[in-house]
Amino acid sequence: MIIVSNRLPVTVAKRKEGISFNPSVGGLATGLGSFYDSYDSIWVGWSGIFSERLNEKERNVIKTKLKKEFSCYPVLLSQKDVDLYYNGFCNKTIWPLFHYFTQYAIFDKKLWDAYKRVNKIFRDLILEVANAYDIIWIHDYHLMLLPRLIREKLPDAKIGFFLHIPFPSFEIFRLLPWKREILEGFLGADLIGFHTYSYVKHFLESVRRILGYEHIYGEITSKNRIIRVDSFPMGIDYAKFANASSDFKVQKEIDEMHKKMGKRKIIFSIDRLDYTKGIPQRLEAFDLFLDKHPEWRKKVVFIVVVVPSRTKVEHYRLLKKQVDELVGKINGKYGTLEWTPIWYIYRPLPFYTLVTLYNIADIGLITPYRDGMNLVAKEFIASKVDSKGVLILSEMAGAAEELGEALIVNPNDREEIAEALRKALLMTDEEQIERNKAMQKRLRRYNVKRWAEDFIDSLRQIKKLQQDLSTKKLTAEVRIKLLDDYFKSNYRLILLDYDGTLVHFAERPEKARPDKELLELLAYLAIKNDVVIVSGRDRKTIDRWFSHLDIGLVAEHGTWLKERGKDWETIEPLENGWKKEILPVLEIYVDRTPGSFIEEKDFALAWHYRRCDAELATVRAKELKDVLLSLTANLDIGVMEGNKVIEIKNTNINKGRAVLKWISKKQWDFILAIGDDLTDEDMFSVLPDTAYSVKVGLGFSRAKFYIESVQKVRALLNAMSQHRREKDEAQS
Ligand code: GDG
């Protein structure tokens with residue numbers, strides 16, 4: 001497996017004493033690092049040092065050591081690259097935009113160009129190290145173009161992509177001038193993962209509204225590939241945190257801290273210095289708490305650890321100043337000679353100190369404005385060996401979806417945070433233990449290893465599904481065999497759906513009338529074969545369009561049948577009284593859903609929504625289906641979903657039942673059935689094993705093969721009728 005991320009898990013620096021190699025900090029590096037150690041994998045990323053600061057010899061030393069000792073492959077980036085791509089597009093455009101800080105987002109073509117260039121640098125290194133069967137797992141917002149760039153060069157690669165930050169709602173994402181390219185970049189992957197289902201929904205909505213690709217249960221069919229989109233809430237290395245407190249060094253620090261603190265309660269927070277983490281308003285909430293509850297003064301200490309981050313970006317520098325001032329202000333306002341309300345640390349901590357603080361803290365106060373997941377919240381809970389302590393967590397952190405037993409707060413509501421602090425300080429041990437145990441159980445089970453394995457399993461599954469579908473493709477060889485069987489046989493039956501199979505879907509059904517070429521083609525085919533049009537359309541239309549041809553006809557999904565040279569007939573006398581009950585319901589939905597309309601057939605009703613706003617229509621269709629299902633529960637009436645249509649009709653009628661009439665007529669030695677939607681599945685399911693069944697377009701189907709488009713269907717039928725035409729033309 002090749003893991004790809006902006007930074008390697010090892011940071012290289014050049015010092016007077018020589019070149020140093022240290023573990024990288026941050027959610028991705030710490031989280032994935034432990035999984036990476038236990039898996040046969042290599043890591044591609046930037047080492048943290050500018051390429052121009054190294055001479056050829058140093059480069060080689062670094063490259064060799066990274067490869068040998070850490071299985072890492074460094075991407076070389078210059079200071080300019082890092083400035084425009086990392087500090088620029090990543091952290092001045094994508095980061096603020098995806099965290100809903102639109103006012104901070106800069107849209108600058110120069111930064112975008114650098115982003116594209118650096119993504120290509122990553123691609124080139126991956127192409128050097130990747131083998132055909134490798135899994136390539138790309139991480140985060142720095143590399144959103146990479147899946148597609150790799151796909152262009154390695155069409156069969158197994159590519160997974162995981163976004164560690166939120167994916168914003170469509171209204172925010174659409175602000176990005178390069179939104180199309182970014183989405184297309186994502187779709188180069190086979191599996192796209194997010195922390196929460198909300199981000200999945202946002203992404204799918206943007207894909208639908210910007211690129212026009214629909215999805216079914218998170219599976220997008222784009223051009224000729226199926227791509228899965230799903231949520232995988234990232235876990236932590238649970239055992240590492242749970243076991244750490246028994247470490248001698250940690251024990252010693254814990255004892256010392258307890259001595260220092262006495263009976264004081266400890267509130268704790270740690271974050272990278274980032275405007276998304278809500279540090280200033282958290283301090284203000286603490287201020288409000290001390291103001292409203294003077295009885296708690298001198299009895300609590302708030303340990304605030306802030307880890308320097310992105311110091312090259314201006315907003316971060318301003319934020320640092322703001323935090324410094326606020327801490328000074330609060331300490332000045334309430335502090336006494338023997339009590340400092342806030343202990344403020346601005347630097348990274350060694351792991352054992354971090355674990356010590358998780359251990360001794362009575363309250364973890366984590367209140368980001370927005371956070372993809374937030375691992376600190378999970379680590380705090382995992383470190384509580386005696387299950388005592390209270391987590392106060394922002395509802396805006398992805399982690400809040402899994403940690404419902406925490407005290408959940410709105411990060412913008414200082415009153416609520418102050419009140420949560422009071423409540424946490426008064427919470428009984430029993431309640432703390434009960435809440436934490438439930439969360440610990442979940443975090444222990446879905447740890448980072450499970451998370452990564454789940455992702456990789458899901459990637460393998462989608463790859464297998466793609467392969468299953470691709471083996472079903474009606475390839476050139478199958479086509480030759482099909483034509484060969486066709487020409488060799490004497491009794492041939494050809495069953496053809498109409499809309500989406502012989503003609504493209506049109507916005508209004510009356511527009512999709514058969515063209516001259518199609519009518520001619522059907523006429524030729526009918527000379528030597530039994531041809532049947534098997535349609536869901538109403539009988540009158542089918543009759544008007546095709547009754548002059550010498551072919552069989554099925555209308556309204558099998559309600560009406562017409563054999564060659566005979567009259568229309570119904571399979572059995574059908575009851576129709578339900579229509580007057582259902583029609584008014586459909587009319588309400590037409591009024592409420594602009595662009596939708598009702599089609600009335602002899603024994604069926606259909607509500608079409610192909611011309612509506614996609615989002616609204618999906619919601620309405622679901623609602624309507626529920627309503628109809630409850631209305632028709634005790635009747636012989638079924639509610640079926642087709643392509644952008646909901647159809648209500650007698651349950652014992654379907655295309656399968658209708659075509660049996662033709663299938664059972666003769667000992668056919670060649671049967672071909674072609675269709676494109678769910679209603680055609682009934683037709684495929686009644687065919688004998690020897691028949692050729694073909695679905696138009698990708699997707700799940702009982703058909704043996706799929707064919708890409710209406711044009712290809714026409715080309716196939718043309719080839720079948722060709723020899724006859726040639727004869728005719730020669731004669732004339
Ligand atoms: C991004 C997303 C998402 C922090 N300071 C020190 C230190 N850390 C470790 C923590 C934790 C990690 O860094 C921070 O992870 P978070 O998840 O809280 O936040 P981000 O860095 O913003 O991470 C985030 C994450 O990616 C994973 O997908 O959850 O939403 O923004 O593991 O323990 N570790 C040590 N010293 C420190 O001073 N040793």
# chains A, B, ... in the order shown; residues from 1 in each chain; ligands from 1
call {"tool": "closest_atom_pairs", "arguments": {"of": "stretch 317-381 of chain A", "to": "stretch 232-236 of chain A", "cutoff": "8 Å", "atoms": "only C-alpha atoms", "output": "CSV"}}
result
residue,atom,partner,partner_atom,distance
A:Met373,CA,A:Met234,CA,7.3
A:Leu375,CA,A:Ile236,CA,6.9
A:Lys378,CA,A:Ile236,CA,7.1
A:Glu379,CA,A:Ile236,CA,7.0
call {"tool": "write_last_selection", "arguments": {"atoms": "C-alpha atoms", "output": "PDB file, in the first residue's frame"}}
result
ATOM      1  CA  MET A 373     -13.307  15.075  13.373  1.00  0.00           C
ATOM      2  CA  LEU A 375      -9.008  13.409  17.706  1.00  0.00           C
ATOM      3  CA  LYS A 378     -11.317  10.913  21.583  1.00  0.00           C
ATOM      4  CA  GLU A 379      -7.849  10.780  23.122  1.00  0.00           C
TER       5      GLU A 379
END
call {"tool": "residues_around", "arguments": {"residues": "stretch 472-474 of chain A", "least_positions_apart": "4", "cutoff": "8 Å", "atoms": "only C-alpha atoms", "output": "PyMOL selection string"}}
result
chain A and resi 468+478-479+694+704-707
call {"tool": "closest_residue", "arguments": {"among": "A:Glu581, A:Glu587, A:Asp689, A:Asp237", "to": "ligand 1", "atoms": "only C-alpha atoms and all ligand atoms"}}
result
A:Asp237
call {"tool": "residues_around", "arguments": {"residues": "A:Arg272", "least_positions_apart": "5", "cutoff": "7 Å", "atoms": "only C-alpha atoms", "output": "PyMOL selection string"}}
result
chain A and resi 306-309
call {"tool": "select_by_dssp", "arguments": {"residues": "stretch 353-550 of chain A", "states": "strand (DSSP E or B)", "output": "PDB file with C-alpha atoms, in the first residue's frame"}}
result
ATOM      1  CA  ILE A 363     -12.812  18.533  32.241  1.00  0.00           C
ATOM      2  CA  GLY A 364     -11.748  18.458  28.573  1.00  0.00           C
ATOM      3  CA  LEU A 365     -13.078  21.635  26.967  1.00  0.00           C
ATOM      4  CA  ILE A 366     -13.082  21.263  23.193  1.00  0.00           C
ATOM      5  CA  ASP A 371     -13.574  20.467  12.867  1.00  0.00           C
ATOM      6  CA  VAL A 390     -16.163  15.214  31.719  1.00  0.00           C
ATOM      7  CA  LEU A 391     -15.834  16.023  28.054  1.00  0.00           C
ATOM      8  CA  ILE A 392     -17.457  19.247  26.861  1.00  0.00           C
ATOM      9  CA  LEU A 393     -17.564  19.101  23.086  1.00  0.00           C
ATOM     10  CA  SER A 394     -18.678  21.407  20.295  1.00  0.00           C
ATOM     11  CA  ALA A 397     -16.786  18.749  15.569  1.00  0.00           C
ATOM     12  CA  LEU A 407     -21.842  17.586  27.155  1.00  0.00           C
ATOM     13  CA  ILE A 408     -22.506  18.929  23.695  1.00  0.00           C
ATOM     14  CA  VAL A 409     -22.393  22.708  23.268  1.00  0.00           C
ATOM     15  CA  LYS A 473     -19.350  -5.455 -20.722  1.00  0.00           C
ATOM     16  CA  ARG A 492     -35.187 -15.466 -33.453  1.00  0.00           C
ATOM     17  CA  LEU A 493     -36.910 -13.266 -30.879  1.00  0.00           C
ATOM     18  CA  ILE A 494     -35.813  -9.689 -30.212  1.00  0.00           C
ATOM     19  CA  LEU A 495     -37.322  -7.889 -27.212  1.00  0.00           C
ATOM     20  CA  LEU A 496     -36.637  -4.160 -27.059  1.00  0.00           C
ATOM     21  CA  ASP A 499     -37.161   4.971 -23.883  1.00  0.00           C
ATOM     22  CA  VAL A 503     -34.030   6.558 -28.065  1.00  0.00           C
ATOM     23  CA  ASP A 530     -39.992 -11.679 -34.263  1.00  0.00           C
ATOM     24  CA  VAL A 531     -39.459  -8.197 -32.876  1.00  0.00           C
ATOM     25  CA  VAL A 532     -41.354  -6.879 -29.850  1.00  0.00           C
ATOM     26  CA  ILE A 533     -41.280  -3.359 -28.428  1.00  0.00           C
ATOM     27  CA  VAL A 534     -41.722  -3.763 -24.663  1.00  0.00           C
TER      28      VAL A 534
END
call {"tool": "residues_near_ligand", "arguments": {"ligand": "ligand 1", "cutoff": "8 Å", "atoms": "only C-alpha atoms and all ligand atoms", "output": "short mmCIF file (atom, residue, chain, number, x, y, z; two decimals) with all heavy atoms, in the first residue's frame"}}
result
data_model
loop_
_atom_site.label_atom_id
_atom_site.label_comp_id
_atom_site.auth_asym_id
_atom_site.auth_seq_id
_atom_site.Cartn_x
_atom_site.Cartn_y
_atom_site.Cartn_z
N VAL A 25 3.89 16.11 13.88
CA VAL A 25 2.67 16.20 14.71
C VAL A 25 1.46 16.45 13.81
O VAL A 25 1.58 16.64 12.61
CB VAL A 25 2.74 17.33 15.78
CG1 VAL A 25 3.61 16.91 16.94
CG2 VAL A 25 3.15 18.64 15.17
N GLY A 26 0.27 16.47 14.41
CA GLY A 26 -0.97 16.72 13.65
C GLY A 26 -1.80 15.46 13.58
O GLY A 26 -1.28 14.35 13.75
N GLY A 27 -3.08 15.68 13.36
CA GLY A 27 -4.05 14.60 13.42
C GLY A 27 -3.75 13.45 12.48
O GLY A 27 -3.79 12.28 12.86
N LEU A 28 -3.39 13.78 11.25
CA LEU A 28 -3.20 12.75 10.24
C LEU A 28 -1.97 11.89 10.55
O LEU A 28 -2.04 10.66 10.56
CB LEU A 28 -3.04 13.43 8.89
CG LEU A 28 -3.29 12.60 7.66
CD1 LEU A 28 -3.65 13.52 6.52
CD2 LEU A 28 -2.13 11.73 7.28
N ALA A 29 -0.86 12.58 10.84
CA ALA A 29 0.39 11.85 11.07
C ALA A 29 0.26 10.94 12.30
O ALA A 29 0.63 9.76 12.25
CB ALA A 29 1.53 12.83 11.25
N THR A 30 -0.29 11.47 13.40
CA THR A 30 -0.36 10.66 14.62
C THR A 30 -1.38 9.54 14.44
O THR A 30 -1.16 8.41 14.85
CB THR A 30 -0.75 11.50 15.85
OG1 THR A 30 -1.86 12.30 15.51
CG2 THR A 30 0.38 12.38 16.31
N GLY A 31 -2.49 9.85 13.83
CA GLY A 31 -3.56 8.86 13.69
C GLY A 31 -3.16 7.71 12.79
O GLY A 31 -3.26 6.54 13.15
N LEU A 163 -10.76 12.54 2.99
CA LEU A 163 -10.68 13.95 3.34
C LEU A 163 -10.79 14.09 4.86
O LEU A 163 -11.77 13.65 5.45
CB LEU A 163 -11.81 14.74 2.66
CG LEU A 163 -11.66 16.26 2.81
CD1 LEU A 163 -10.54 16.78 1.90
CD2 LEU A 163 -12.95 16.99 2.49
N HIS A 164 -9.79 14.72 5.46
CA HIS A 164 -9.77 14.81 6.94
C HIS A 164 -10.49 16.04 7.46
O HIS A 164 -10.69 16.16 8.67
CB HIS A 164 -8.32 14.80 7.43
CG HIS A 164 -7.67 13.46 7.28
ND1 HIS A 164 -7.52 12.59 8.32
CD2 HIS A 164 -7.18 12.82 6.18
CE1 HIS A 164 -6.95 11.48 7.88
NE2 HIS A 164 -6.73 11.60 6.58
N ILE A 165 -10.84 16.94 6.59
CA ILE A 165 -11.54 18.16 7.04
C ILE A 165 -13.00 18.08 6.57
O ILE A 165 -13.35 17.19 5.79
CB ILE A 165 -10.83 19.43 6.51
CG1 ILE A 165 -10.86 19.50 4.98
CG2 ILE A 165 -9.38 19.47 7.01
CD1 ILE A 165 -10.33 20.82 4.41
N PRO A 166 -13.85 19.00 7.01
CA PRO A 166 -15.25 18.90 6.55
C PRO A 166 -15.35 19.09 5.04
O PRO A 166 -14.52 19.78 4.46
CB PRO A 166 -15.93 20.09 7.26
CG PRO A 166 -15.02 20.50 8.35
CD PRO A 166 -13.64 20.13 7.93
N HIS A 195 -15.24 11.84 7.22
CA HIS A 195 -15.43 11.46 8.62
C HIS A 195 -16.90 11.22 8.95
O HIS A 195 -17.22 10.35 9.75
CB HIS A 195 -14.94 12.57 9.55
CG HIS A 195 -13.45 12.63 9.71
ND1 HIS A 195 -12.71 11.56 10.11
CD2 HIS A 195 -12.57 13.64 9.54
CE1 HIS A 195 -11.44 11.91 10.19
NE2 HIS A 195 -11.33 13.17 9.84
N MET A 234 -12.83 8.52 11.69
CA MET A 234 -11.47 8.10 12.05
C MET A 234 -11.35 7.83 13.55
O MET A 234 -11.83 8.61 14.36
CB MET A 234 -10.47 9.17 11.65
CG MET A 234 -9.03 8.78 11.84
SD MET A 234 -7.98 10.05 11.12
CE MET A 234 -6.38 9.36 11.43
N ILE A 236 -8.79 6.36 16.98
CA ILE A 236 -7.46 6.64 17.52
C ILE A 236 -6.80 5.32 17.90
O ILE A 236 -7.45 4.28 17.93
CB ILE A 236 -7.54 7.55 18.75
CG1 ILE A 236 -8.48 6.94 19.80
CG2 ILE A 236 -7.98 8.95 18.37
CD1 ILE A 236 -8.37 7.56 21.16
N ILE A 270 -6.27 21.43 24.30
CA ILE A 270 -5.06 21.50 23.46
C ILE A 270 -5.51 21.52 22.00
O ILE A 270 -6.37 20.75 21.59
CB ILE A 270 -4.09 20.32 23.72
CG1 ILE A 270 -2.88 20.42 22.78
CG2 ILE A 270 -4.76 18.96 23.56
CD1 ILE A 270 -1.72 19.49 23.15
N ASP A 271 -4.95 22.48 21.26
CA ASP A 271 -5.25 22.54 19.82
C ASP A 271 -4.05 23.17 19.11
O ASP A 271 -3.27 23.87 19.72
CB ASP A 271 -6.40 23.50 19.47
CG ASP A 271 -7.49 23.56 20.49
OD1 ASP A 271 -7.28 24.13 21.59
OD2 ASP A 271 -8.57 23.08 20.18
N ARG A 272 -4.00 22.91 17.82
CA ARG A 272 -3.09 23.72 16.99
C ARG A 272 -3.66 25.14 17.01
O ARG A 272 -4.89 25.31 17.10
CB ARG A 272 -3.09 23.22 15.54
CG ARG A 272 -2.25 22.02 15.29
CD ARG A 272 -2.22 21.64 13.82
NE ARG A 272 -3.55 21.51 13.25
CZ ARG A 272 -4.19 22.48 12.59
NH1 ARG A 272 -3.62 23.66 12.40
NH2 ARG A 272 -5.38 22.28 12.09
N VAL A 305 -3.27 24.63 26.18
CA VAL A 305 -2.06 24.39 25.39
C VAL A 305 -2.38 24.72 23.93
O VAL A 305 -3.38 24.25 23.38
CB VAL A 305 -1.60 22.91 25.48
CG1 VAL A 305 -0.33 22.71 24.67
CG2 VAL A 305 -1.39 22.51 26.93
N VAL A 306 -1.56 25.56 23.37
CA VAL A 306 -1.75 25.95 21.98
C VAL A 306 -0.46 25.59 21.23
O VAL A 306 0.63 25.98 21.64
CB VAL A 306 -2.05 27.45 21.87
CG1 VAL A 306 -2.13 27.88 20.42
CG2 VAL A 306 -3.35 27.79 22.59
N VAL A 307 -0.61 24.82 20.17
CA VAL A 307 0.56 24.35 19.44
C VAL A 307 0.75 25.23 18.20
O VAL A 307 -0.19 25.40 17.41
CB VAL A 307 0.37 22.87 19.02
CG1 VAL A 307 1.61 22.35 18.31
CG2 VAL A 307 0.05 22.02 20.23
N ARG A 347 3.52 25.92 22.80
CA ARG A 347 4.54 25.08 22.17
C ARG A 347 4.04 23.64 22.14
O ARG A 347 3.11 23.30 22.89
CB ARG A 347 5.88 25.18 22.89
CG ARG A 347 5.93 24.55 24.25
CD ARG A 347 7.26 24.80 24.94
NE ARG A 347 7.07 25.46 26.21
CZ ARG A 347 6.65 24.86 27.32
NH1 ARG A 347 6.38 23.58 27.32
NH2 ARG A 347 6.49 25.51 28.45
N PRO A 348 4.65 22.78 21.33
CA PRO A 348 4.22 21.38 21.34
C PRO A 348 4.69 20.70 22.63
O PRO A 348 5.70 21.10 23.21
CB PRO A 348 4.93 20.78 20.13
CG PRO A 348 5.68 21.86 19.47
CD PRO A 348 5.69 23.06 20.33
N LEU A 349 3.96 19.69 23.04
CA LEU A 349 4.32 18.96 24.25
C LEU A 349 4.82 17.57 23.89
O LEU A 349 4.34 16.99 22.91
CB LEU A 349 3.07 18.76 25.13
CG LEU A 349 2.34 19.99 25.61
CD1 LEU A 349 1.10 19.56 26.39
CD2 LEU A 349 3.25 20.83 26.51
N PRO A 350 5.73 17.02 24.70
CA PRO A 350 6.08 15.61 24.46
C PRO A 350 4.87 14.73 24.78
O PRO A 350 4.00 15.13 25.58
CB PRO A 350 7.24 15.34 25.43
CG PRO A 350 7.23 16.47 26.40
CD PRO A 350 6.47 17.62 25.79
N PHE A 351 4.84 13.57 24.19
CA PHE A 351 3.67 12.69 24.34
C PHE A 351 3.30 12.43 25.80
O PHE A 351 2.14 12.51 26.20
CB PHE A 351 3.92 11.37 23.58
CG PHE A 351 2.79 10.40 23.71
CD1 PHE A 351 1.57 10.63 23.08
CD2 PHE A 351 2.92 9.24 24.49
CE1 PHE A 351 0.51 9.74 23.21
CE2 PHE A 351 1.88 8.35 24.62
CZ PHE A 351 0.68 8.60 23.97
N TYR A 352 4.31 12.12 26.63
CA TYR A 352 3.96 11.75 28.02
C TYR A 352 3.35 12.93 28.78
O TYR A 352 2.52 12.75 29.67
CB TYR A 352 5.17 11.12 28.75
CG TYR A 352 6.35 12.04 28.94
CD1 TYR A 352 6.43 12.85 30.07
CD2 TYR A 352 7.37 12.08 28.01
CE1 TYR A 352 7.52 13.70 30.25
CE2 TYR A 352 8.45 12.92 28.18
CZ TYR A 352 8.53 13.74 29.29
OH TYR A 352 9.57 14.58 29.46
N THR A 353 3.75 14.16 28.45
CA THR A 353 3.14 15.32 29.12
C THR A 353 1.68 15.48 28.66
O THR A 353 0.78 15.77 29.45
CB THR A 353 3.92 16.62 28.79
OG1 THR A 353 5.29 16.39 29.10
CG2 THR A 353 3.40 17.80 29.57
N LEU A 354 1.47 15.24 27.36
CA LEU A 354 0.11 15.31 26.84
C LEU A 354 -0.78 14.32 27.58
O LEU A 354 -1.88 14.66 28.05
CB LEU A 354 0.13 15.00 25.33
CG LEU A 354 -1.21 14.88 24.63
CD1 LEU A 354 -1.87 16.25 24.52
CD2 LEU A 354 -1.07 14.28 23.24
N ARG A 370 -15.51 24.69 13.72
CA ARG A 370 -15.67 23.59 12.76
C ARG A 370 -14.47 22.70 12.89
O ARG A 370 -13.36 23.20 13.02
CB ARG A 370 -15.64 24.10 11.30
CG ARG A 370 -16.78 24.89 10.86
CD ARG A 370 -17.94 24.05 10.39
NE ARG A 370 -19.09 24.92 10.32
CZ ARG A 370 -20.31 24.55 10.04
NH1 ARG A 370 -20.57 23.29 9.79
NH2 ARG A 370 -21.28 25.42 10.01
N ASP A 371 -14.70 21.39 12.80
CA ASP A 371 -13.57 20.47 12.87
C ASP A 371 -14.00 19.19 12.16
O ASP A 371 -15.07 18.65 12.45
CB ASP A 371 -13.25 20.18 14.34
CG ASP A 371 -11.77 19.95 14.57
OD1 ASP A 371 -11.09 19.56 13.61
OD2 ASP A 371 -11.30 20.16 15.70
N GLY A 372 -13.16 18.73 11.22
CA GLY A 372 -13.50 17.53 10.46
C GLY A 372 -13.90 16.40 11.41
O GLY A 372 -14.97 15.82 11.30
N MET A 373 -13.02 16.11 12.38
CA MET A 373 -13.31 15.07 13.37
C MET A 373 -13.00 15.62 14.76
O MET A 373 -13.86 15.92 15.54
CB MET A 373 -12.45 13.83 13.06
CG MET A 373 -12.51 12.74 14.10
SD MET A 373 -14.17 12.22 14.56
CE MET A 373 -14.67 11.26 13.17
N ASN A 374 -11.75 15.81 15.07
CA ASN A 374 -11.16 16.18 16.35
C ASN A 374 -10.80 14.94 17.15
O ASN A 374 -11.62 14.32 17.83
CB ASN A 374 -12.04 17.11 17.19
CG ASN A 374 -11.20 17.72 18.32
OD1 ASN A 374 -10.68 17.00 19.16
ND2 ASN A 374 -11.03 19.02 18.27
N LEU A 375 -9.51 14.61 17.04
CA LEU A 375 -9.01 13.41 17.71
C LEU A 375 -8.74 13.66 19.17
O LEU A 375 -8.77 12.73 19.98
CB LEU A 375 -7.73 12.93 17.01
CG LEU A 375 -7.89 12.55 15.53
CD1 LEU A 375 -6.55 12.13 14.94
CD2 LEU A 375 -8.90 11.42 15.37
N VAL A 376 -8.47 14.92 19.52
CA VAL A 376 -8.17 15.25 20.92
C VAL A 376 -9.32 14.80 21.82
O VAL A 376 -9.11 14.21 22.88
CB VAL A 376 -7.88 16.76 21.07
CG1 VAL A 376 -7.85 17.16 22.54
CG2 VAL A 376 -6.56 17.11 20.40
N ALA A 377 -10.55 15.03 21.38
CA ALA A 377 -11.72 14.64 22.17
C ALA A 377 -11.69 13.14 22.45
O ALA A 377 -11.96 12.69 23.56
CB ALA A 377 -12.99 15.01 21.42
N GLU A 379 -9.02 11.14 22.30
CA GLU A 379 -7.85 10.78 23.12
C GLU A 379 -8.11 11.07 24.60
O GLU A 379 -7.69 10.32 25.49
CB GLU A 379 -6.62 11.56 22.63
CG GLU A 379 -6.17 11.14 21.25
CD GLU A 379 -5.19 12.11 20.59
OE1 GLU A 379 -4.82 13.12 21.23
OE2 GLU A 379 -4.82 11.87 19.44
N ALA A 397 -17.88 19.70 15.82
CA ALA A 397 -16.79 18.75 15.57
C ALA A 397 -17.40 17.46 15.04
O ALA A 397 -18.42 17.00 15.55
CB ALA A 397 -16.02 18.47 16.86
N GLY A 398 -16.77 16.87 14.02
CA GLY A 398 -17.25 15.59 13.50
C GLY A 398 -17.40 14.58 14.62
O GLY A 398 -18.32 13.75 14.61
N ALA A 399 -16.50 14.63 15.61
CA ALA A 399 -16.51 13.66 16.71
C ALA A 399 -17.82 13.68 17.49
O ALA A 399 -18.18 12.69 18.12
CB ALA A 399 -15.33 13.92 17.64
#
call {"tool": "select_by_dssp", "arguments": {"residues": "stretch 158-275 of chain A", "states": "alpha helix (DSSP H)", "output": "PyMOL selection string"}}
result
chain A and resi 170-173+179-186+197-206+238-244+248-261
call {"tool": "decode", "arguments": {"residues": "stretch 57-81 of chain A", "atoms": "C-alpha atoms", "output": "PDB file, in the first residue's frame"}}
result
ATOM      1  CA  LYS A  57      24.774  14.789  -1.415  1.00  0.00           C
ATOM      2  CA  GLU A  58      22.385  15.794   1.382  1.00  0.00           C
ATOM      3  CA  ARG A  59      19.410  14.939  -0.767  1.00  0.00           C
ATOM      4  CA  ASN A  60      20.752  11.462  -1.311  1.00  0.00           C
ATOM      5  CA  VAL A  61      21.502  10.950   2.367  1.00  0.00           C
ATOM      6  CA  ILE A  62      17.955  11.975   3.293  1.00  0.00           C
ATOM      7  CA  LYS A  63      16.401   9.915   0.551  1.00  0.00           C
ATOM      8  CA  THR A  64      18.327   6.795   1.510  1.00  0.00           C
ATOM      9  CA  LYS A  65      17.696   7.115   5.245  1.00  0.00           C
ATOM     10  CA  LEU A  66      13.974   7.839   4.776  1.00  0.00           C
ATOM     11  CA  LYS A  67      13.606   4.872   2.488  1.00  0.00           C
ATOM     12  CA  LYS A  68      15.644   2.414   4.555  1.00  0.00           C
ATOM     13  CA  GLU A  69      14.537   3.298   8.054  1.00  0.00           C
ATOM     14  CA  PHE A  70      11.040   4.700   7.573  1.00  0.00           C
ATOM     15  CA  SER A  71       9.854   3.346   4.162  1.00  0.00           C
ATOM     16  CA  CYS A  72       9.236   6.956   3.185  1.00  0.00           C
ATOM     17  CA  TYR A  73       9.685   8.576  -0.229  1.00  0.00           C
ATOM     18  CA  PRO A  74      10.153  12.353  -0.104  1.00  0.00           C
ATOM     19  CA  VAL A  75       8.600  14.692  -2.641  1.00  0.00           C
ATOM     20  CA  LEU A  76      10.954  17.580  -3.356  1.00  0.00           C
ATOM     21  CA  LEU A  77       9.362  21.004  -2.976  1.00  0.00           C
ATOM     22  CA  SER A  78      10.969  24.417  -3.185  1.00  0.00           C
ATOM     23  CA  GLN A  79      10.207  27.271  -0.819  1.00  0.00           C
ATOM     24  CA  LYS A  80       8.197  28.920  -3.570  1.00  0.00           C
ATOM     25  CA  ASP A  81       6.134  25.760  -4.115  1.00  0.00           C
TER      26      ASP A  81
END
